[in-house]
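Colleague: Dropping in structure_14.cif, which is mmCIF, C-alpha atoms:
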data_input
#
loop_
_atom_site.label_atom_id
_atom_site.label_comp_id
_atom_site.auth_asym_id
_atom_site.auth_seq_id
_atom_site.Cartn_x
_atom_site.Cartn_y
_atom_site.Cartn_z
CA MET A 1 -29.64 -57.63 -30.02
CA SER A 2 -31.01 -54.08 -29.99
CA LEU A 3 -33.13 -52.89 -27.09
CA PHE A 4 -35.37 -51.23 -29.67
CA ASP A 5 -37.89 -52.70 -32.05
CA THR A 6 -36.26 -51.18 -35.11
CA ARG A 7 -39.08 -52.44 -37.32
CA VAL A 8 -41.16 -49.57 -35.91
CA PRO A 9 -40.13 -46.17 -37.30
CA ALA A 10 -40.66 -42.82 -35.59
CA VAL A 11 -42.46 -39.82 -37.04
CA LEU A 12 -41.61 -36.37 -35.67
CA LEU A 13 -44.32 -33.78 -36.26
CA ARG A 14 -43.95 -30.00 -36.04
CA THR A 15 -45.93 -27.15 -37.64
CA ASP A 16 -43.91 -24.41 -35.93
CA ARG A 17 -41.69 -22.90 -38.66
CA ASN A 18 -38.70 -22.17 -36.42
CA PRO A 19 -35.71 -23.44 -38.47
CA PHE A 20 -33.51 -23.49 -35.35
CA HIS A 21 -35.60 -25.91 -33.29
CA HIS A 22 -32.75 -27.97 -31.85
CA GLY A 23 -35.14 -30.32 -30.04
CA THR A 24 -36.13 -31.81 -33.38
CA LEU A 25 -32.50 -32.59 -34.16
CA GLY A 26 -32.09 -34.08 -30.70
CA ALA A 27 -34.96 -36.49 -31.32
CA VAL A 28 -33.66 -37.39 -34.79
CA ARG A 29 -30.25 -38.26 -33.40
CA SER A 30 -31.48 -40.04 -30.28
CA LEU A 31 -33.67 -42.49 -32.17
CA GLY A 32 -31.49 -42.67 -35.27
CA ARG A 33 -28.48 -43.73 -33.21
CA ALA A 34 -30.63 -46.54 -31.79
CA GLY A 35 -31.26 -47.86 -35.30
CA VAL A 36 -34.80 -46.50 -35.63
CA ASP A 37 -35.89 -44.98 -38.96
CA VAL A 38 -36.83 -41.35 -38.31
CA HIS A 39 -39.25 -39.44 -40.52
CA VAL A 40 -39.61 -35.68 -40.02
CA VAL A 41 -42.87 -33.92 -40.84
CA ALA A 42 -41.70 -30.32 -40.51
CA ASP A 43 -40.50 -27.39 -42.59
CA CYS A 44 -36.77 -28.09 -42.74
CA ALA A 45 -35.98 -26.26 -46.00
CA HIS A 46 -33.77 -23.73 -44.20
CA SER A 47 -32.93 -25.77 -41.11
CA PRO A 48 -29.74 -27.61 -40.14
CA VAL A 49 -31.97 -30.58 -39.21
CA ARG A 50 -32.31 -31.65 -42.84
CA ALA A 51 -28.54 -32.24 -43.02
CA SER A 52 -28.54 -34.92 -40.31
CA ARG A 53 -27.38 -38.36 -41.40
CA TYR A 54 -30.08 -39.85 -39.15
CA VAL A 55 -33.05 -38.42 -41.08
CA THR A 56 -34.72 -41.22 -43.03
CA GLY A 57 -37.29 -39.04 -44.76
CA LEU A 58 -38.59 -35.47 -44.89
CA HIS A 59 -42.30 -34.85 -45.38
CA THR A 60 -44.25 -31.65 -46.04
CA PRO A 61 -46.00 -30.47 -42.87
CA PRO A 62 -49.38 -28.76 -42.56
CA PRO A 63 -49.03 -24.96 -42.52
CA PRO A 64 -48.79 -23.02 -39.24
CA GLY A 65 -52.24 -22.54 -37.79
CA ALA A 66 -53.57 -25.67 -39.51
CA SER A 67 -56.72 -27.12 -38.03
CA PRO A 68 -56.58 -30.43 -36.13
CA GLU A 69 -58.40 -31.99 -39.07
CA ASP A 70 -55.74 -30.78 -41.50
CA ILE A 71 -52.98 -32.11 -39.24
CA ALA A 72 -54.68 -35.50 -39.04
CA ALA A 73 -55.09 -35.58 -42.82
CA ALA A 74 -51.39 -34.82 -43.33
CA LEU A 75 -50.46 -37.61 -40.94
CA ARG A 76 -52.64 -40.08 -42.80
CA ARG A 77 -50.78 -39.23 -46.02
CA VAL A 78 -47.43 -39.78 -44.30
CA ALA A 79 -48.66 -43.10 -42.86
CA ALA A 80 -49.62 -44.27 -46.34
CA ARG A 81 -46.11 -43.54 -47.59
CA ILE A 82 -44.39 -45.29 -44.67
CA ALA A 83 -46.80 -48.25 -44.88
CA ARG A 84 -46.14 -49.61 -41.38
CA PRO A 85 -47.14 -48.55 -37.85
CA ALA A 86 -44.93 -45.81 -36.40
CA VAL A 87 -44.39 -44.09 -33.07
CA LEU A 88 -45.69 -40.54 -33.47
CA ILE A 89 -43.93 -37.74 -31.54
CA PRO A 90 -45.42 -34.23 -31.68
CA MET A 91 -42.64 -31.67 -31.19
CA ASP A 92 -44.79 -28.58 -30.54
CA ASP A 93 -47.89 -28.01 -28.46
CA ALA A 94 -50.28 -27.33 -31.36
CA CYS A 95 -49.44 -30.75 -32.78
CA ALA A 96 -49.62 -32.43 -29.37
CA VAL A 97 -53.16 -31.09 -28.89
CA ALA A 98 -54.29 -32.07 -32.39
CA VAL A 99 -52.78 -35.56 -32.20
CA ALA A 100 -54.34 -36.29 -28.79
CA ARG A 101 -57.77 -35.34 -30.06
CA ALA A 102 -57.38 -37.52 -33.17
CA ARG A 103 -55.82 -40.47 -31.35
CA THR A 104 -58.59 -42.95 -32.19
CA GLU A 105 -58.63 -41.85 -35.83
CA LEU A 106 -54.84 -42.12 -36.18
CA ALA A 107 -54.63 -45.63 -34.73
CA PRO A 108 -53.41 -48.19 -35.71
CA ALA A 109 -51.16 -46.34 -38.18
CA TYR A 110 -49.54 -44.56 -35.24
CA LEU A 111 -48.62 -45.67 -31.73
CA LEU A 112 -49.60 -43.09 -29.11
CA PRO A 113 -49.90 -42.94 -25.30
CA ASP A 114 -53.33 -43.82 -23.96
CA GLN A 115 -54.81 -40.82 -22.16
CA PRO A 116 -57.90 -38.59 -22.31
CA GLY A 117 -57.90 -36.71 -25.61
CA ASP A 118 -58.57 -33.34 -23.99
CA LEU A 119 -55.79 -33.53 -21.39
CA PRO A 120 -52.93 -32.10 -23.52
CA ALA A 121 -55.20 -29.20 -24.47
CA ARG A 122 -56.04 -28.50 -20.84
CA VAL A 123 -52.47 -28.36 -19.62
CA ALA A 124 -51.08 -26.50 -22.64
CA ASP A 125 -53.65 -23.70 -22.46
CA LYS A 126 -52.26 -21.03 -20.11
CA ALA A 127 -55.64 -20.15 -18.60
CA GLU A 128 -56.63 -23.78 -18.20
CA LEU A 129 -53.32 -24.57 -16.52
CA ALA A 130 -54.06 -21.99 -13.83
CA ALA A 131 -57.35 -23.77 -13.09
CA VAL A 132 -55.63 -27.16 -13.10
CA CYS A 133 -53.04 -25.96 -10.58
CA ALA A 134 -55.74 -24.49 -8.36
CA SER A 135 -57.63 -27.81 -8.35
CA LEU A 136 -54.45 -29.74 -7.46
CA ASP A 137 -53.23 -27.18 -4.90
CA VAL A 138 -50.04 -26.68 -6.89
CA PRO A 139 -48.35 -23.26 -6.61
CA HIS A 140 -49.05 -21.10 -9.64
CA PRO A 141 -49.00 -17.34 -10.21
CA GLU A 142 -52.29 -15.63 -9.43
CA THR A 143 -54.11 -15.44 -12.74
CA LEU A 144 -56.91 -13.14 -13.88
CA VAL A 145 -58.78 -13.50 -17.17
CA PRO A 146 -60.40 -10.13 -17.90
CA GLY A 147 -63.63 -9.78 -19.83
CA GLY A 148 -62.90 -6.41 -21.41
CA PRO A 149 -60.34 -3.60 -21.74
CA ALA A 150 -61.46 -1.79 -18.58
CA GLU A 151 -61.40 -5.02 -16.62
CA ALA A 152 -57.90 -5.75 -17.95
CA ALA A 153 -56.71 -2.36 -16.66
CA ARG A 154 -58.25 -3.02 -13.24
CA ALA A 155 -56.72 -6.52 -13.14
CA ALA A 156 -53.27 -5.07 -13.80
CA TRP A 157 -53.64 -2.69 -10.84
CA ARG A 158 -54.97 -5.49 -8.64
CA LEU A 159 -52.07 -7.83 -9.39
CA GLY A 160 -49.48 -5.09 -8.97
CA LEU A 161 -47.50 -3.67 -11.86
CA PRO A 162 -45.60 -4.92 -13.72
CA VAL A 163 -47.66 -7.96 -14.65
CA VAL A 164 -47.21 -10.71 -17.21
CA ALA A 165 -49.69 -10.79 -20.09
CA LYS A 166 -50.15 -14.05 -22.00
CA TRP A 167 -52.39 -15.30 -24.74
CA SER A 168 -53.90 -18.51 -23.45
CA ARG A 169 -53.21 -20.37 -26.71
CA PRO A 170 -50.04 -18.80 -28.09
CA TRP A 171 -49.84 -21.19 -31.02
CA LEU A 172 -52.81 -19.30 -32.49
CA VAL A 173 -50.99 -15.94 -32.50
CA PRO A 174 -50.46 -15.06 -36.18
CA PRO A 175 -46.82 -14.55 -37.21
CA GLY A 176 -45.68 -11.17 -38.43
CA GLY A 177 -48.45 -9.19 -36.74
CA GLY A 178 -46.35 -7.72 -33.95
CA LEU A 179 -48.08 -9.69 -31.20
CA ARG A 180 -45.92 -11.51 -28.69
CA SER A 181 -47.02 -14.68 -26.97
CA THR A 182 -45.92 -13.33 -23.58
CA VAL A 183 -45.03 -9.77 -22.57
CA LEU A 184 -44.33 -7.79 -19.43
CA VAL A 185 -47.01 -5.12 -19.04
CA ARG A 186 -45.93 -2.00 -17.11
CA SER A 187 -49.14 0.07 -17.10
CA ALA A 188 -52.89 -0.44 -16.78
CA ARG A 189 -53.39 1.38 -20.06
CA GLU A 190 -51.10 -1.07 -21.84
CA ALA A 191 -53.11 -3.98 -20.44
CA GLY A 192 -56.33 -2.49 -21.79
CA GLU A 193 -54.83 -1.85 -25.21
CA LEU A 194 -53.50 -5.38 -25.40
CA TYR A 195 -56.94 -6.81 -24.60
CA ARG A 196 -58.36 -5.08 -27.67
CA ARG A 197 -56.19 -7.34 -29.83
CA ALA A 198 -57.69 -10.58 -28.46
CA GLU A 199 -59.59 -11.33 -31.66
CA GLU A 200 -56.38 -10.94 -33.66
CA ALA A 201 -54.50 -13.18 -31.22
CA GLY A 202 -57.09 -15.94 -31.48
CA SER A 203 -57.44 -16.68 -27.75
CA ARG A 204 -58.09 -15.07 -24.38
CA LEU A 205 -55.75 -12.64 -22.71
CA LEU A 206 -54.70 -13.53 -19.19
CA LEU A 207 -52.75 -11.48 -16.68
CA GLN A 208 -50.49 -13.04 -14.09
CA ALA A 209 -48.59 -11.79 -11.08
CA PHE A 210 -44.90 -11.42 -11.90
CA LEU A 211 -42.03 -13.00 -10.06
CA PRO A 212 -38.71 -11.48 -11.11
CA PRO A 213 -36.00 -13.90 -12.24
CA GLY A 214 -32.93 -14.48 -10.15
CA ALA A 215 -30.08 -16.83 -9.49
CA ASP A 216 -31.18 -20.43 -8.93
CA ARG A 217 -34.87 -19.62 -9.55
CA ASP A 218 -35.60 -21.06 -13.01
CA TRP A 219 -36.08 -24.81 -13.14
CA PHE A 220 -37.53 -27.38 -15.49
CA PHE A 221 -38.45 -31.04 -15.35
CA HIS A 222 -38.56 -33.40 -18.33
CA GLY A 223 -40.06 -36.85 -18.02
CA TYR A 224 -41.95 -39.69 -19.60
CA ALA A 225 -45.05 -41.12 -17.89
CA ASP A 226 -45.26 -44.74 -19.01
CA ARG A 227 -48.31 -46.94 -19.55
CA SER A 228 -48.65 -47.47 -15.79
CA GLY A 229 -48.24 -43.75 -15.02
CA ALA A 230 -44.76 -44.07 -13.53
CA VAL A 231 -42.38 -41.27 -14.48
CA ARG A 232 -39.39 -42.74 -16.30
CA ALA A 233 -36.31 -41.06 -17.76
CA GLY A 234 -35.76 -37.32 -17.49
CA GLY A 235 -35.18 -35.37 -14.31
CA PRO A 236 -34.94 -31.86 -12.85
CA GLY A 237 -32.71 -29.23 -14.42
CA ARG A 238 -31.67 -25.67 -13.67
CA LYS A 239 -31.59 -22.96 -16.30
CA THR A 240 -28.19 -21.29 -15.92
CA ARG A 241 -28.35 -19.12 -19.04
CA ALA A 242 -31.42 -17.99 -20.97
CA ARG A 243 -32.12 -16.18 -24.20
CA PRO A 244 -33.10 -13.41 -23.73
CA ARG A 245 -31.31 -12.96 -20.40
CA GLY A 246 -33.53 -13.66 -17.40
CA ALA A 247 -36.36 -14.90 -19.59
CA GLY A 248 -37.16 -17.19 -22.45
CA LEU A 249 -35.66 -20.45 -23.62
CA THR A 250 -32.79 -22.37 -22.09
CA ALA A 251 -29.43 -21.55 -23.66
CA VAL A 252 -27.47 -23.47 -21.01
CA GLY A 253 -29.04 -25.98 -18.66
CA ARG A 254 -27.61 -28.24 -15.98
CA TRP A 255 -28.98 -31.54 -14.63
CA THR A 256 -29.38 -30.68 -10.95
CA PRO A 257 -31.04 -32.93 -8.36
CA ASN A 258 -34.04 -31.22 -6.77
CA PRO A 259 -36.38 -33.48 -4.77
CA ARG A 260 -39.03 -30.77 -4.42
CA VAL A 261 -39.28 -30.15 -8.15
CA GLN A 262 -39.29 -33.88 -8.85
CA ALA A 263 -42.02 -34.53 -6.29
CA LEU A 264 -44.17 -31.76 -7.75
CA ALA A 265 -43.76 -33.07 -11.30
CA GLU A 266 -44.61 -36.64 -10.30
CA ARG A 267 -47.64 -35.55 -8.27
CA VAL A 268 -49.06 -33.37 -11.05
CA THR A 269 -48.75 -36.03 -13.75
CA ALA A 270 -50.07 -38.77 -11.45
CA GLU A 271 -53.15 -36.84 -10.34
CA LEU A 272 -53.97 -35.83 -13.90
CA GLY A 273 -53.49 -39.36 -15.24
CA TYR A 274 -51.05 -38.01 -17.80
CA ARG A 275 -49.28 -40.41 -20.16
CA GLY A 276 -46.42 -39.61 -22.50
CA VAL A 277 -43.56 -37.13 -22.70
CA PHE A 278 -43.84 -33.83 -20.83
CA ASP A 279 -41.80 -30.70 -20.15
CA LEU A 280 -42.58 -28.55 -17.09
CA ASP A 281 -41.22 -25.09 -16.25
CA PHE A 282 -40.98 -23.84 -12.66
CA ARG A 283 -39.91 -20.61 -11.00
CA ARG A 284 -38.96 -20.47 -7.33
CA CYS A 285 -40.46 -17.58 -5.38
CA GLY A 286 -37.65 -15.59 -3.78
CA THR A 287 -39.86 -14.70 -0.80
CA THR A 288 -41.48 -18.04 0.08
CA GLY A 289 -39.17 -20.51 -1.62
CA ARG A 290 -42.13 -22.29 -3.22
CA TYR A 291 -41.81 -23.62 -6.77
CA HIS A 292 -44.54 -22.31 -9.07
CA LEU A 293 -45.55 -24.30 -12.13
CA LEU A 294 -45.43 -21.86 -15.06
CA ASP A 295 -45.84 -24.11 -18.11
CA PHE A 296 -46.89 -27.68 -18.85
CA ASN A 297 -45.82 -28.67 -22.36
CA PRO A 298 -47.29 -32.04 -23.42
CA ARG A 299 -44.33 -32.98 -25.64
CA PRO A 300 -40.51 -33.14 -25.51
CA GLY A 301 -38.76 -29.97 -24.44
CA ALA A 302 -36.05 -28.65 -26.74
CA GLN A 303 -33.28 -29.52 -24.25
CA PHE A 304 -34.55 -33.03 -23.43
CA ARG A 305 -31.18 -34.54 -24.38
CA LEU A 306 -29.75 -33.04 -21.19
CA PHE A 307 -31.34 -35.96 -19.38
CA ALA A 308 -29.59 -38.88 -21.07
CA ASP A 309 -28.66 -41.27 -18.26
CA THR A 310 -25.84 -43.80 -18.00
CA ALA A 311 -27.88 -46.32 -20.02
CA GLY A 312 -28.44 -43.76 -22.78
CA LEU A 313 -32.13 -43.47 -21.93
CA ASP A 314 -33.90 -40.16 -22.57
CA VAL A 315 -37.61 -39.33 -22.75
CA VAL A 316 -37.90 -39.90 -26.51
CA ARG A 317 -36.24 -43.30 -26.30
CA ALA A 318 -38.42 -44.17 -23.30
CA LEU A 319 -41.52 -43.37 -25.35
CA HIS A 320 -40.47 -45.59 -28.25
CA LEU A 321 -39.49 -48.48 -26.00
CA ASP A 322 -42.67 -48.30 -23.93
CA LEU A 323 -45.08 -48.02 -26.86
CA THR A 324 -43.40 -51.00 -28.57
CA HIS A 325 -43.61 -53.00 -25.32
CA ARG A 326 -39.86 -53.19 -24.83
CA PRO A 327 -38.27 -52.99 -21.35
CA LEU A 328 -36.64 -49.71 -20.38
CA PRO A 329 -33.00 -50.06 -19.30
CA GLU A 330 -32.14 -49.06 -15.74
CA GLY A 331 -29.55 -46.31 -15.91
CA ALA A 332 -28.26 -43.91 -13.27
CA PRO A 333 -28.76 -40.14 -13.36
CA ARG A 334 -25.84 -37.96 -14.43
CA PRO A 335 -26.04 -34.89 -12.17
CA GLY A 336 -23.92 -32.00 -13.37
CA ARG A 337 -24.44 -32.86 -17.04
CA VAL A 338 -24.76 -29.70 -19.15
CA PHE A 339 -26.67 -28.92 -22.33
CA VAL A 340 -25.55 -25.93 -24.44
CA VAL A 341 -27.26 -24.32 -27.43
CA GLU A 342 -24.28 -22.98 -29.38
CA ASN A 343 -25.98 -20.18 -31.32
CA TYR A 344 -27.48 -18.78 -28.10
CA ALA A 345 -24.46 -19.34 -25.83
CA PRO A 346 -21.33 -19.53 -28.02
CA LEU A 347 -18.87 -18.81 -25.20
CA SER A 348 -20.31 -21.63 -23.10
CA ALA A 349 -19.99 -23.95 -26.08
CA LEU A 350 -16.28 -23.16 -26.33
CA ARG A 351 -15.66 -24.24 -22.75
CA PRO A 352 -13.85 -27.62 -22.57
CA ALA A 353 -16.35 -30.43 -22.13
CA ARG A 354 -14.14 -32.18 -19.58
CA ALA A 355 -14.85 -29.31 -17.17
CA GLU A 356 -18.44 -30.57 -16.77
CA ARG A 357 -18.68 -33.24 -14.10
CA GLY A 358 -21.59 -35.14 -15.69
CA GLY A 359 -20.57 -34.56 -19.28
CA ARG A 360 -21.88 -32.12 -21.84
CA GLU A 361 -24.00 -32.21 -24.97
CA LEU A 362 -24.19 -29.52 -27.64
CA ALA A 363 -27.49 -28.88 -29.40
CA TRP A 364 -26.07 -28.81 -32.94
CA HIS A 365 -22.53 -30.17 -33.08
CA ALA A 366 -21.87 -33.91 -32.75
CA ARG A 367 -18.87 -36.01 -33.79
CA ASP A 368 -21.03 -38.67 -35.41
CA ASP A 369 -23.29 -36.16 -37.21
CA ARG A 370 -21.22 -33.16 -38.25
CA ALA A 371 -23.29 -31.73 -41.11
CA PRO A 372 -25.97 -29.97 -38.99
CA GLY A 373 -23.29 -28.21 -36.95
CA ARG A 374 -21.57 -27.00 -40.10
CA ALA A 375 -24.87 -25.84 -41.60
CA LEU A 376 -25.88 -23.99 -38.45
CA TRP A 377 -23.48 -21.08 -38.67
CA ALA A 378 -24.18 -20.16 -42.29
CA LEU A 379 -27.93 -20.28 -41.70
CA TRP A 380 -27.68 -18.48 -38.37
CA GLY A 381 -25.53 -15.74 -39.91
CA ARG A 382 -28.14 -15.07 -42.58
CA HIS A 383 -30.89 -15.12 -39.97
CA VAL A 384 -29.15 -12.58 -37.73
CA GLY A 385 -28.21 -10.43 -40.71
CA ALA A 386 -31.84 -10.29 -41.85
CA ARG A 387 -32.99 -9.27 -38.37
CA LEU A 388 -30.40 -6.49 -38.17
CA ARG A 389 -31.40 -5.24 -41.60
CA ASP A 390 -35.07 -5.19 -40.61
CA ARG A 391 -34.25 -3.33 -37.42
CA ALA A 392 -32.31 -0.70 -39.36
CA LEU A 393 -35.19 -0.28 -41.81
CA ARG A 394 -37.64 0.19 -38.97
CA GLY A 395 -35.35 2.78 -37.45
CA ARG A 396 -35.50 4.74 -40.70
CA GLY A 397 -39.24 4.34 -40.94
CA ALA A 398 -39.04 2.00 -43.92
CA ARG A 399 -40.98 -1.20 -44.26
CA PRO A 400 -38.86 -4.38 -43.80
CA ASP A 401 -38.56 -6.83 -46.64
CA ALA A 402 -41.61 -9.07 -46.35
CA ALA A 403 -39.49 -12.04 -47.39
CA ALA A 404 -37.06 -11.63 -44.50
CA PRO A 405 -37.68 -13.59 -41.28
CA ALA A 406 -39.60 -11.64 -38.66
CA ALA A 407 -37.82 -10.80 -35.41
CA ARG A 408 -38.62 -13.24 -32.66
CA ALA A 409 -40.80 -11.90 -29.87
CA ARG A 410 -39.26 -11.43 -26.46
CA VAL A 411 -40.63 -14.09 -24.16
CA VAL A 412 -40.91 -13.47 -20.44
CA ARG A 413 -41.27 -16.39 -18.07
CA GLN A 414 -43.67 -15.35 -15.40
CA GLY A 415 -44.07 -16.10 -11.74
CA SER A 416 -45.84 -14.90 -8.64
CA ALA A 417 -45.48 -11.40 -7.27
CA PRO A 418 -42.59 -11.19 -4.82
CA ALA A 419 -44.66 -9.58 -2.07
CA ALA A 420 -46.99 -12.55 -1.72
CA ASP A 421 -47.06 -16.18 -2.76
CA ARG A 422 -50.48 -16.26 -4.35
CA THR A 423 -52.06 -19.25 -6.02
CA GLY A 424 -55.28 -19.66 -7.95
CA VAL A 425 -57.42 -18.42 -10.78
CA SER A 426 -60.32 -15.98 -10.69
CA ASP A 427 -62.59 -13.86 -12.87
CA ARG A 428 -62.42 -16.63 -15.44
CA PRO A 429 -65.22 -17.42 -17.94
CA GLU A 430 -66.35 -21.01 -17.95
CA GLU A 431 -66.52 -21.29 -21.72
CA ASP A 432 -63.69 -21.81 -24.24
CA ARG A 433 -61.78 -24.76 -22.82
CA ALA A 434 -58.85 -25.85 -24.99
CA GLY A 435 -55.23 -25.11 -25.48
CA ARG A 436 -51.54 -25.75 -25.79
CA HIS A 437 -48.04 -24.30 -25.25
#
The structure given in the file should be rewritten as structure tokens.

Modeller:
Amino acid sequence: MSLFDTRVPAVLLRTDRNPFHHGTLGAVRSLGRAGVDVHVVADCAHSPVRASRYVTGLHTPPPPGASPEDIAAALRRVAARIARPAVLIPMDDACAVAVARARTELAPAYLLPDQPGDLPARVADKAELAAVCASLDVPHPETLVPGGPAEAARAAWRLGLPVVAKWSRPWLVPPGGGLRSTVLVRSAREAGELYRRAEEAGSRLLLQAFLPPGADRDWFFHGYADRSGAVRAGGPGRKTRARPRGAGLTAVGRWTPNPRVQALAERVTAELGYRGVFDLDFRRCGTTGRYHLLDFNPRPGAQFRLFADTAGLDVVRALHLDLTHRPLPEGAPRPGRVFVVENYAPLSALRPARAERGGRELAWHARDDRAPGRALWALWGRHVGARLRDRALRGRGARPDAAAPAARARVVRQGSAPAADRTGVSDRPEEDRAGRH
């Protein structure tokens, strides 16, 4: 008999148009292998995800930047087609925020964790997260939210250049406009100029003290807070290779026991009353050794499959089991297990899997689901080729082909300034409370 209630399908929701979102494929495979029907509400037209044998159905998603009302309307249409209650799993922060706010409206067509509807928005918003950390006495980079260009320039000097500049709700940043969700600002003038684009970005600009990356400094924690609030599945991991180097997403991650990171994650989720899947990013301060919470993503992280224990339990499976009132199996952690994203770390992917003490999982290639891995390289080759062509056109002063994919912005993970371990938020307006990602 299956551990899972396979009568209850899963619906994965994503409005982000990234065709190489390997976390979506991870969720499709994890639940599909358990016998659960998996429906994907995402743009998969040019994604390897659509080739997976475990996809039951593909559904048209709302467009990027869709309002919460539009997202809820799209989900109602999908529910009518499926015609039975389903576990709903938002795969990006914009969807997590919208779904939490519409929880009452979406029930009983969808099964969702029971928590305050504004909580995912609070933790996903970068400015709100700073305030949350200050209230919980959790280390977080000193954060200033300027009220104008001149104030932004002064804030940059106060924090100590370089500083990290973030838009508090990066999911509102319009694609193709040249704005990056997170950048490293190296002058006060640059900070002031960036502030002038706040209306275009759609949310507030915040400046944070910068903690340079280094060996053994970038950590993450994935978990599932069950109906009682206990953190189940998941664990702490160390980012051993990132794209771009020293910043950005995890290209290679390793399951690494870290009691301090685990204690911080469990304390934050418990004190907030958080329920559901979460993905936290930390950076260790090289001066003080304290772990600063950089991001709180109220949904599965892309590398969540790193934390599949000896019973096969991961955070997505834990969610489905818990919301269908099934017991969660008791497995043991697998420290040393490695997760590799092949298109970002091809040399690491070629390393023999037997060299990894806790085992290894690739983001795209799998013996029981080979089609996405085969599709990856053709799609990735075209993607890289288009980016190189656009770069060459820009170098010659020509306008890139509007139909070609825009180059991805460089993302910088921020942390506290190395000279001091500062925590808190200041100069922050009281209005405009919402957020994600």

Colleague: Just the residues within 8 Å of stretch 113-121 of chain A, please, counting only C-alpha atoms, with nothing from its chain fewer than 6 positions along; format it as number ranges by chain.

Modeller: A: 96-97, 100-103, 227, 273-276, 297-298, 323, 434-436

Colleague: Write the selection just made, keeping C-alpha atoms, as an mmCIF file, in the frame of the given file?

Modeller:
data_model
loop_
_atom_site.group_PDB
_atom_site.id
_atom_site.type_symbol
_atom_site.label_atom_id
_atom_site.label_comp_id
_atom_site.auth_asym_id
_atom_site.auth_seq_id
_atom_site.Cartn_x
_atom_site.Cartn_y
_atom_site.Cartn_z
ATOM 1 C CA ALA A 96 -49.620 -32.430 -29.370
ATOM 2 C CA VAL A 97 -53.160 -31.090 -28.890
ATOM 3 C CA ALA A 100 -54.340 -36.290 -28.790
ATOM 4 C CA ARG A 101 -57.770 -35.340 -30.060
ATOM 5 C CA ALA A 102 -57.380 -37.520 -33.170
ATOM 6 C CA ARG A 103 -55.820 -40.470 -31.350
ATOM 7 C CA ARG A 227 -48.310 -46.940 -19.550
ATOM 8 C CA GLY A 273 -53.490 -39.360 -15.240
ATOM 9 C CA TYR A 274 -51.050 -38.010 -17.800
ATOM 10 C CA ARG A 275 -49.280 -40.410 -20.160
ATOM 11 C CA GLY A 276 -46.420 -39.610 -22.500
ATOM 12 C CA ASN A 297 -45.820 -28.670 -22.360
ATOM 13 C CA PRO A 298 -47.290 -32.040 -23.420
ATOM 14 C CA LEU A 323 -45.080 -48.020 -26.860
ATOM 15 C CA ALA A 434 -58.850 -25.850 -24.990
ATOM 16 C CA GLY A 435 -55.230 -25.110 -25.480
ATOM 17 C CA ARG A 436 -51.540 -25.750 -25.790
#

Colleague: List the residues sitting within 8 Å of (-26.3, -23.0, -30.4) in the file's frame, using only C-alpha atoms, as a PDB file with C-alpha atoms, in the frame of the given file.

Modeller:
ATOM      1  CA  ALA A 251     -29.430 -21.550 -23.660  1.00  0.00           C
ATOM      2  CA  VAL A 340     -25.550 -25.930 -24.440  1.00  0.00           C
ATOM      3  CA  VAL A 341     -27.260 -24.320 -27.430  1.00  0.00           C
ATOM      4  CA  GLU A 342     -24.280 -22.980 -29.380  1.00  0.00           C
ATOM      5  CA  ASN A 343     -25.980 -20.180 -31.320  1.00  0.00           C
ATOM      6  CA  TYR A 344     -27.480 -18.780 -28.100  1.00  0.00           C
ATOM      7  CA  ALA A 345     -24.460 -19.340 -25.830  1.00  0.00           C
ATOM      8  CA  PRO A 346     -21.330 -19.530 -28.020  1.00  0.00           C
ATOM      9  CA  ALA A 349     -19.990 -23.950 -26.080  1.00  0.00           C
ATOM     10  CA  LEU A 362     -24.190 -29.520 -27.640  1.00  0.00           C
ATOM     11  CA  ALA A 363     -27.490 -28.880 -29.400  1.00  0.00           C
ATOM     12  CA  TRP A 364     -26.070 -28.810 -32.940  1.00  0.00           C
TER      13      TRP A 364
END

Colleague: Which value, in Å to one decimal, gives the distance between atom CA of A:Phe278 and atom CA of A:His222?

Modeller: 5.9 Å

Colleague: A:Val40: which residues within 8 Å, counting only C-alpha atoms, same-chain residues fewer than 5 positions away excluded, as a PDB file with C-alpha atoms, in the coordinates of the input?

Modeller:
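Okay, this is what ended up in selection.pdb:
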ATOM      1  CA  VAL A  11     -42.460 -39.820 -37.040  1.00  0.00           C
ATOM      2  CA  LEU A  12     -41.610 -36.370 -35.670  1.00  0.00           C
ATOM      3  CA  LEU A  13     -44.320 -33.780 -36.260  1.00  0.00           C
ATOM      4  CA  VAL A  55     -33.050 -38.420 -41.080  1.00  0.00           C
ATOM      5  CA  THR A  56     -34.720 -41.220 -43.030  1.00  0.00           C
ATOM      6  CA  GLY A  57     -37.290 -39.040 -44.760  1.00  0.00           C
ATOM      7  CA  LEU A  58     -38.590 -35.470 -44.890  1.00  0.00           C
ATOM      8  CA  HIS A  59     -42.300 -34.850 -45.380  1.00  0.00           C
TER       9      HIS A  59
END

Colleague: What is the atom CA of A:Arg77 to atom CA of A:Thr60 distance in Å?

Modeller: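 Atom CA of A:Thr60 lies 10.0 Å from atom CA of A:Arg77.
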
Colleague: Report as a PyMOL selection string all protein, DNA and RNA residues lying within 10 Å of A:Val261, evaluated on all atoms listed in the file, omitting residues in the same chain fewer than 2 positions from it.

Modeller: chain A and resi 219-221+235-237+257-259+263-267+280-284+290-293

Colleague: Evaluate the PyMOL selection byres ((chain A and resi 147) around 10) on the structure here and hand back the selected residues as an MDAnalysis selection string.

Modeller: chainID A and resid 144:146 148:152 195 204:206 427:429

Colleague: To one decimal in Å, tell me the separation between atom CA of A:Leu179 and atom CA of A:Gly202.

Modeller: 11.0 Å
